[in-house]
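Asks: Please see the structure below; I have some questions.
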Amino acid sequence: MRIAYLAGLGLLALSVTPALAAKETPQIIVDQFGYRPDADKMAVFADPVKGQNSANRYTPGETFEVRSVQGKTVLSGKLQPWRDGRMEEISGDRVWRADFSAVKAPGRYVLYDPKNDVQSAPFDIRADVYNDVLKVSMRTFYYQRCGAAIDPKCGGNWNHPPCHLVEKDTQMRQGGKSVDPRRDVSGGWHDAGDHNKYVPFLNNTLWDLLSAYELNPAACSDDYGIPESGNGVPDLLDEVKWELDWMLKMQLDDGSVLNRVTTLSYDTGDGPGNDKQTYLYTPPTTWATSVLVASTAHAARVFKPFDGKLRGYSPKLREAALKGWAFLEKTPDMTPADGKDGAGQTASAPGDCSALNDGYLRTYAAAELFKTTGEAKFRQYVDAHYKTRVGNAGAHPILDGWVDPLNATEISRAMVVYGSAEGHTQAVVDEFRKVLRDTLQSNFLAKHEKADDAYDAWMLEGHYCWGSNSVKCRWAALPIFGILLKVDPSKEADYRAIAEQYVHYIHGRNPLSLVYLTNMGERGAKLGASRSVMELFHGWFHDGSPLYDGPKSQFGPAPGFLAGGPNRSYGIQWVAPPYGEPPAKAFKEWNTGWNKEHNANEDPWAINEPAIYYQAAYNLVLAGYCAPAKAKPGPTKAGL
């Protein structure tokens, strides 16, 4: 299927023009990194009728040109108005689309509007156009490392001394008090813009990263510039191992798993190396235990081919998973029963759970163990529980008849894992495959064919919420799941093409013409982004930092962090934007916490804070479109 906006395209004769001198406009909107040669390619010419960029009103001519940066016109065509020139409410824009899929030759190009003598940001066409983007995105996990120095050799301008070494003398936080015993819970990644660490939130993070590797191991090289580079293990897996090693420290002798590591203050100091507050860990929970079981069972499979480099590591992960499952078997009900870990007041997210999700997580853990061990008891557990919905409340993909990328993700993931395991019960998997196929038909193929989203990255309006950029990526993952489970082999090329459109959204083909990854231009990653996020809510790159806060600082934030994204529910009226914007424009780059005039927080974390689970969701999708790397240790196979 060629994408819908090809209809009516008229190609004109090629010509050669003088070297370009046109002004660049943010209203000719492209993926600022570029496009793969054989992929569908679309740019948006946008007139911002409503929203924060409405001062940049723009009406293009009827035709567009694709020009090389040397000045050669390689394609001319006719712009196609979206919905006969109507404004799209979600973006506040009138949109014209330019399809230039016929341009396949590697090179650097711009889209040009001959009527207005303006052009887009430059971009590349080449097979490996996203490989370095993936590498930079993965390096953000290195910058989030806890308990270690980020040195200039690996971190470049973004470095700090060792942080949180006090963790080796860390007490339990229980009932609002800090009590013995003390325990070493050092290591792992800082979760987001603060310095807390959570086992429950790794449910998404580790699965996405491990699956990104499984999806396209050929793209994962050993040269990311982290301390482990060159050790014969792909650096993506080296980075995952850093987090897994911490997670293993959180498991107790009885198999249960501590819930989180937290602070009592959000005052993170001037960078992680200067945060002197004491860490506290919270008691074990069944839901944290299920997350460890699922993650270590999954990782045991992925790390097994590297037993020669990491001797004994895969068996160690498998043992931890089985020990955790033994605890769950002895503890059939959610524990603690109130879904809280009993820590009392802390400066962190609670890491709570419900009986519904506790059950879903157990099914997910059983699915991972079945795929890893092949033991019948795990298949039987999945078969007995895959349609269990505690109290008949809450989302469920099979019972509801559609796969929701935001709700019941644990059970959907369980079905993807179980469905790809040898020896599964086919009737069970077929129920999920049908629902997933129907979801993809109604919420991807149909939406795409009807051009329901002007920027061709459709999702529900309500999903422009806290962390919406990661939600875009979770929508894009659904067609990937469809390919993995072979729900409709005749549509797999369509699934792949549509999912890639969401990558373009993150890379700048959005209503703000903004690459939602930090510092990807000349000051940072040097990957060609003309307009990239330069200020985000993060304790290290904090408000007022002369080194790292914003475009006027010396370096800007470390490259590659995915900002949270537009949030239509942002409710502080005196911060506009993002307040009052069309949903897809409800975004702002700022880092201010406390507003003295209003004596209140401005809550930038609800808009532009990064998080490891946002990053991982993006990497899962991006990895499938990367070319084989030049330096690729370990086994390889084709990606999507």
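So you can find residues: chains in the structure tokens are A, B, ... in the order shown, residues in each start at 1, and ligands are numbered from 1 in order.
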Counting only C-alpha atoms, which residues of region 362-467 of chain A sit at most 9 Å from some atom of region 594-608 of chain A, and what is each one's closest atom pair with its distance in Å to one decimal, listed by chain and rising residue number, as a Markdown table?

Replies:
```
| residue | atom | partner | partner_atom | distance |
| --- | --- | --- | --- | --- |
| A:Cys465 | CA | A:Ala606 | CA | 8.6 |
| A:Trp466 | CA | A:Ala606 | CA | 5.6 |
| A:Gly467 | CA | A:Ile607 | CA | 7.2 |
```

Asks: With only C-alpha atoms as the counted atoms, please give the residues lying no more than 10 Å from Lys50 (chain A), apart from itself and same-chain residues fewer than 4 positions off, as a list in words.

Replies: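 The residues that qualify are Ser54, Ala55, Arg57, Met87, Glu88, Glu89, Ile90, Ser91, Gly92, Asp93, Arg94, Glu581, Pro582 and Lys585 of chain A.
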
Asks: Write out the residues from the selection above, keeping N, CA and C atoms, as a PDB file, in the first residue's frame.

Replies:
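File produced: selection_11.pdb:
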```pdb
ATOM      1  N   SER A  54       1.030  30.795  15.993  1.00  0.00           N
ATOM      2  CA  SER A  54       0.072  31.351  15.027  1.00  0.00           C
ATOM      3  C   SER A  54       0.517  32.687  14.438  1.00  0.00           C
ATOM      4  N   ALA A  55       1.562  33.288  14.989  1.00  0.00           N
ATOM      5  CA  ALA A  55       2.103  34.504  14.374  1.00  0.00           C
ATOM      6  C   ALA A  55       2.814  34.192  13.064  1.00  0.00           C
ATOM      7  N   ARG A  57       1.766  32.734  10.337  1.00  0.00           N
ATOM      8  CA  ARG A  57       0.793  32.309   9.321  1.00  0.00           C
ATOM      9  C   ARG A  57       1.497  32.144   7.966  1.00  0.00           C
ATOM     10  N   MET A  87      -9.064  23.408   8.932  1.00  0.00           N
ATOM     11  CA  MET A  87      -8.126  23.396  10.034  1.00  0.00           C
ATOM     12  C   MET A  87      -8.314  22.119  10.854  1.00  0.00           C
ATOM     13  N   GLU A  88      -7.225  21.502  11.263  1.00  0.00           N
ATOM     14  CA  GLU A  88      -7.279  20.358  12.159  1.00  0.00           C
ATOM     15  C   GLU A  88      -7.321  20.861  13.600  1.00  0.00           C
ATOM     16  N   GLU A  89      -8.309  20.451  14.377  1.00  0.00           N
ATOM     17  CA  GLU A  89      -8.475  20.965  15.738  1.00  0.00           C
ATOM     18  C   GLU A  89      -7.349  20.535  16.661  1.00  0.00           C
ATOM     19  N   ILE A  90      -6.855  19.323  16.544  1.00  0.00           N
ATOM     20  CA  ILE A  90      -5.813  18.838  17.463  1.00  0.00           C
ATOM     21  C   ILE A  90      -4.539  19.653  17.331  1.00  0.00           C
ATOM     22  N   SER A  91      -4.204  20.050  16.123  1.00  0.00           N
ATOM     23  CA  SER A  91      -2.986  20.831  15.921  1.00  0.00           C
ATOM     24  C   SER A  91      -3.239  22.328  15.800  1.00  0.00           C
ATOM     25  N   GLY A  92      -4.457  22.720  15.415  1.00  0.00           N
ATOM     26  CA  GLY A  92      -4.733  24.128  15.138  1.00  0.00           C
ATOM     27  C   GLY A  92      -4.175  24.589  13.806  1.00  0.00           C
ATOM     28  N   ASP A  93      -3.855  23.648  12.908  1.00  0.00           N
ATOM     29  CA  ASP A  93      -3.191  23.980  11.647  1.00  0.00           C
ATOM     30  C   ASP A  93      -4.057  23.648  10.437  1.00  0.00           C
ATOM     31  N   ARG A  94      -3.876  24.438   9.381  1.00  0.00           N
ATOM     32  CA  ARG A  94      -4.243  24.014   8.032  1.00  0.00           C
ATOM     33  C   ARG A  94      -2.996  23.396   7.423  1.00  0.00           C
ATOM     34  N   GLU A 581      -3.510  25.672  24.769  1.00  0.00           N
ATOM     35  CA  GLU A 581      -3.073  25.349  23.414  1.00  0.00           C
ATOM     36  C   GLU A 581      -3.906  24.219  22.806  1.00  0.00           C
ATOM     37  N   PRO A 582      -3.934  24.126  21.468  1.00  0.00           N
ATOM     38  CA  PRO A 582      -4.447  22.889  20.866  1.00  0.00           C
ATOM     39  C   PRO A 582      -3.675  21.703  21.437  1.00  0.00           C
ATOM     40  N   LYS A 585      -0.067  21.066  20.580  1.00  0.00           N
ATOM     41  CA  LYS A 585       0.870  22.170  20.788  1.00  0.00           C
ATOM     42  C   LYS A 585       1.018  22.546  22.261  1.00  0.00           C
TER      43      LYS A 585
END
```

Asks: Taking the DSSP secondary structure from the backbone, can you list the residues of region 66-109 of chain A that are strand (DSSP E), as JSON, numbers by chain?

Replies: {"A": [66, 67, 68, 72, 73, 74, 75, 76, 77, 78, 80, 81, 87, 88, 93, 94, 95, 96, 97, 98, 99, 107, 108, 109]}

Asks: Would you mind reading off the distance between CA of Tyr381 (chain A) and CA of Asp404 (chain A), one decimal, in Å?

Replies: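 Those two atoms sit 23.2 Å apart.
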
Asks: Can you tell me, as a list in words, what residues are no more than 9 Å from Asp238 (chain A) when counting only C-alpha atoms, ignoring any on the same chain fewer than 3 positions away?

Replies: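 Once the nearby chain positions are removed, what remains is Asp222, Ile226, Glu228, Ser229, Val233, Pro234, Asp235, Lys241 and Trp242 of chain A.
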
Asks: Extract the full set of alpha helix (DSSP H) residues from region 313-534 of chain A according to DSSP on the backbone, and format it as a ChimeraX atom specification.

Replies: /A:313-330,355-373,376-385,397-400,409-419,426-440,446-449,468-484,492-506

Asks: Give me the residues within 7 Å of region 532-546 of chain A as a list in words, counting only C-alpha atoms and dropping any in the same chain fewer than 5 places off.

Replies: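 Here the answer would be Gly193, Asp194, Thr268, Asp270, Gly271, Pro272, Leu514, Val515, Tyr516, Leu517, Thr518, Asn519, Met520, Gly521, Pro551, Ser553, Gln554, Gly556, Pro557, Ala563, Glu589, Trp590, Asn591, Thr592, Pro604, Trp605, Asn608 and Glu609 of chain A.
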
Asks: Go ahead and dump the residues you just picked, C-alpha atoms, as a tab-separated table (two decimals), in the first residue's frame.

Replies:
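Output (part_6.tsv):
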```tsv
chain	number	residue	atom	x	y	z
A	193	GLY	CA	14.63	14.25	36.24
A	194	ASP	CA	15.02	13.36	39.92
A	268	THR	CA	18.78	17.40	44.14
A	270	ASP	CA	23.81	21.19	41.71
A	271	GLY	CA	23.95	17.96	39.73
A	272	PRO	CA	23.92	14.32	40.87
A	514	LEU	CA	10.50	20.53	16.97
A	515	VAL	CA	12.74	17.50	17.46
A	516	TYR	CA	11.58	16.25	20.85
A	517	LEU	CA	15.06	14.90	21.66
A	518	THR	CA	17.41	17.29	23.44
A	519	ASN	CA	20.38	19.07	21.88
A	520	MET	CA	20.58	17.12	18.62
A	521	GLY	CA	22.04	20.01	16.62
A	551	PRO	CA	20.02	27.49	24.65
A	553	SER	CA	23.90	28.05	28.63
A	554	GLN	CA	27.40	26.98	27.73
A	556	GLY	CA	22.81	22.93	26.87
A	557	PRO	CA	21.46	19.66	28.28
A	563	ALA	CA	11.02	15.29	26.51
A	589	GLU	CA	10.60	24.36	26.94
A	590	TRP	CA	11.19	25.61	30.48
A	591	ASN	CA	12.67	24.44	33.74
A	592	THR	CA	11.24	26.80	36.35
A	604	PRO	CA	7.16	21.83	34.06
A	605	TRP	CA	7.61	18.12	34.86
A	608	ASN	CA	8.98	18.25	29.44
A	609	GLU	CA	10.57	15.95	32.02
```

Asks: Hey, what's within 7 Å of region 332-349 of chain A if we count only C-alpha atoms and toss same-chain stuff fewer than 3 positions away? As number ranges by chain, please?

Replies: A: 173-176, 196, 259, 262-266, 282-286, 328-329, 352-355, 358

Asks: May I ask which of the residues A:Thr388, A:Ala127, A:His164, A:His396 is the closest one to Gly269 (chain A), counting only C-alpha atoms?

Replies: A:His164
